[in-house]
Amino acid sequence: MRHVDMSGLSTPQAWTAKTKTTLDAVRAAMASNTKRAFTEHWTDDEVRDPLLALVGQKCWYCETTIQRADITVDHFRPKSEVLGEPGHDGYWWLAYTIDNYRIACKHCNSGGARFNGAREGRAKGSRFPLLAGPRAWRQHDDLGLEQPMLLDPARIGDPDLLGFDTAGYARRSHTPYSKAEAHRGVCRADETIRILALNATQIKDQRRLLMEEIAVLAQIPGDLPSVQALIAGKTATTAQWSAAAAAALALHRACALTRNEPDQSPAEHPGTPVIDPGRSTVDVRDLLKHLDPAELTAGIPLIGRHNSKQHAGVLQADGRISVWKRPWGTPNSAARAATGSDDVDGWDFWRLTIAGVEQSLAAFRAAHTTPDPPA
């Protein structure tokens, strides 16, 4: 995911007049409690073409080039309904607001992505979960009070929360969790990856190949203009999966810097993650020291039960939880990926066995962390 700057967009006057008529009809239908009809003015060329020109013909969420397929103009705040919010009529008043539009591929918007042959991902659709803040229900409610759960490519800072490992998996960057994430025990990046299926098999494998290609190109000595042009083309904002390519290039440069400065301590190195005091409410990394290193290296089995079904996971040495051989950074997202539920609590869901005693991750955490003092 790369940041998409929408600040230069303007709304065509003729289009504004046309959409006002449609929105007035929607408002009238709501007043008379009759069915609303949203004409798809967002597909008009005078609106869609400027959106496509911002970063090229690719999905703003997963960065996959959209070829021989319909280009979806997604409403970031859904127009007709909000799943999980009974009675919410959607952000209907934003149906024809260009700032609310995002270019999306079919998989991110409607689903259909697959993992090892199995369908995965909830897709964005009319999902718009909040991390914190009161939800806007009416036209004049303050949208600025909402803190969306999903990362927004058009919001400065959100794309920076996504990183990539060398296997091509999207994952949380080293950015510390926000206070809201620590309070809720969720990671916005992990939830975005889960809902949009950003680690679907095909896209993950192709990202890995791209990152390997960047690593090879970056090691060619001599700064050949042709090589540098290739790298620049693959890391350009308009290129497919350019965020992963840029991450691979940054990793190569960081490794080269480390080789050139062997005496530099890790604490002084510019890439060192900041320790987040609220991390233990979101992931299990701070708990790993209380587990057997040999068992962690092999992978510690986890089980979870939900709606009379049992699900399996594996706690890995880096603190991630593998579900269907796919890594998740947090217990909550791992549990939700396993069950298909959008609100299961992974700390209570996942259970591990230590010295013959089965216990939840929540109980294990409580036994090894100091509770916060009362406010």
# chains A, B, ... in the order shown; residues from 1 in each chain; ligands from 1

call {"tool": "select_by_dssp", "arguments": {"residues": "segment 16-120 of chain A", "states": "alpha helix (DSSP H)", "output": "PyMOL selection string"}}
result
chain A and resi 16-31+45-55+106-110

call {"tool": "select_by_dssp", "arguments": {"residues": "segment 117-295 of chain A", "states": "strand (DSSP E)", "output": "list in words"}}
result
Ala118, Arg119, Leu130, Leu131, Ala132, Gln147, Pro148, Leu162, Gly163, Phe164, Ala170, Arg171 and Arg172 of chain A

call {"tool": "closest_residue", "arguments": {"among": "A:Gln316, A:Ser226, A:Thr238, A:Thr34", "to": "Leu288 of chain A", "atoms": "only C-alpha atoms"}}
result
A:Gln316

call {"tool": "atom_distance", "arguments": {"atom1": "atom CA of Arg279 of chain A", "atom2": "atom CA of Trp324 of chain A"}}
result
24.7 Å

call {"tool": "closest_residue", "arguments": {"among": "A:Arg155, A:Lys234, A:Lys35, A:Arg320", "to": "Arg207 of chain A", "atoms": "only C-alpha atoms"}}
result
A:Lys234

call {"tool": "closest_residue", "arguments": {"among": "A:Ala197, A:Met30, A:Ile71, A:Ala338", "to": "Asp45 of chain A", "atoms": "only C-alpha atoms"}}
result
A:Ile71

call {"tool": "atom_distance", "arguments": {"atom1": "atom CA of Thr65 of chain A", "atom2": "atom CA of Leu249 of chain A"}}
result
20.6 Å

call {"tool": "atom_distance", "arguments": {"atom1": "atom CA of Ser32 of chain A", "atom2": "atom CA of Tyr101 of chain A"}}
result
27.9 Å

call {"tool": "residues_around", "arguments": {"residues": "Ser178 of chain A", "least_positions_apart": "2", "cutoff": "9 Å", "atoms": "only C-alpha atoms", "output": "PyMOL selection string"}}
result
chain A and resi 175-176+180-183+187+276+278

call {"tool": "residues_around", "arguments": {"residues": "segment 139-153 of chain A", "least_positions_apart": "2", "cutoff": "10 Å", "atoms": "only C-alpha atoms", "output": "PyMOL selection string"}}
result
chain A and resi 1-6+60-62+76-77+91-94+102-103+124+127-137+155-162+180-181+186-193+195-196

call {"tool": "residues_around", "arguments": {"residues": "segment 244-246 of chain A", "least_positions_apart": "4", "cutoff": "7 Å", "atoms": "only C-alpha atoms", "output": "PyMOL selection string"}}
result
chain A and resi 164+207+210-211+214+234-235+250

call {"tool": "residues_around", "arguments": {"residues": "Asp345 of chain A", "least_positions_apart": "5", "cutoff": "10 Å", "atoms": "only C-alpha atoms", "output": "list in words"}}
result
Gly185, Val186, Pro331, Asn332, Ser333, Ala334, Ala335, Arg336, Trp350 and Ala362 of chain A
